[in-house]
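Enquirer: Mind looking over this structure? Questions follow.
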2 protein chains.
Amino acid sequence: MNHPTPFDPRTHAVYSPDKMCKTNIFRSDRMLLGLNAFEPGQEHALHAHADMDKIYHVLEGEGLFLLENDQVSMRAGTTLVAPEGIPHGIRNTGSARLLVLAVLAPAP
Amino acid sequence: MNHPTPFDPRTHAVYSPDKMCKTNIFRSDRMLLGLNAFEPGQEHALHAHADMDKIYHVLEGEGLFLLENDQVSMRAGTTLVAPEGIPHGIRNTGSARLLVLAVLAPAP
């Protein structure tokens with residue numbers, strides 16, 4: 001993609017029937033902007049990153065943010081910040097696709 | 001704010017009648033997540049950052065992304081990546097408030 005050109009990130013979504021699907025939109029050493037796309041029932045298990053902060057912003061659908069000893073409902077418009085070392089994950093518990101914008105800094 | 005707790009970023013918006021208003025939601029050395037809030041007619045003039053990448057994602061309203069020798073219409077759901085050194089800005093040309101999520105890496 002030619003940056004800077006405004007775009008609708010939903011047009012870059014890629015889904016897989018096998019497992020949740022990650023798509024990169026922009027990458028530098030400083031940050032990675034991508035999409036996490038979930039068919040109904042798919043999930044990204046609880047995990048954590050050392051020395052890397054992550055932001056999730058839900059674009060479409062609904063589901064759960066998986067946290068340490070907790071699960072919190074989310075839907076389009078919800079944001080989550082997972083600072084370095086903080087466990088986080090996502091599960092699509094809805095009947096439609098779930099699409100989440102993800103920003104990691106620095107890039108993995 | 002206690003991270004990680006999912007939230008609706010629109011609830012953190014602060015507007016000013018005097019000029020566009022910036023609000024910080026999360027800051028580390030690695031990244032800054034904030035909001036840029038524009039009353040109708042307000043703008044953030046064209047500017048660029050050395051050694052820092054920025055992502056904009058429009059949450060509410062409509063307006064223009066200001067680019068070098070160009071202006072491109074945007075609205076809720078539009079994303080723009082401004083890599084380091086690339087001029088960018090925002091103008092609210094609509095009749096309603098314009099709210100934009102901004103991520104900078106590393107934090108300014």
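As shown in the structure tokens, the chain order sets the letters A, B, ...; within each chain, residues go from 1, and ligands are also counted from 1 in the order they appear.
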Hey, what's within 10 Å of Arg10 of chain A if we count only C-alpha atoms and toss same-chain stuff fewer than 3 positions away? As an NGL selection string, please?
Expert: (:A and (7 or 13-14 or 35 or 37 or 59-60 or 99-101)) or (:B and (77-79))
Enquirer: Specify as a ChimeraX atom specification all residues of chain A found within 10 Å of chain B, counting only C-alpha atoms.
Expert: /A:2-10,25-33,51-59,64-65,67-68,72-84,86-88,101,103-107
Enquirer: What does the distance between atom CA of His44 of chain B and atom CA of Gly63 of chain B come to in Å, to one decimal place?
Expert: 11.6 Å
Enquirer: So what do you get for atom CA of Thr23 of chain B versus atom CA of Glu39 of chain B, distance-wise?
Expert: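 Calculated distance between atom CA of Thr23 of chain B and atom CA of Glu39 of chain B is 14.3 Å.
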Enquirer: Using only C-alpha atoms for the distances, tell me which of B:Ile90, B:His49, B:Gln71, B:Ser95 is nearest to Asn36 of chain B.
Expert: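 When distances to Asn36 of chain B are compared using only C-alpha atoms, the smallest one comes from B:Ile90.
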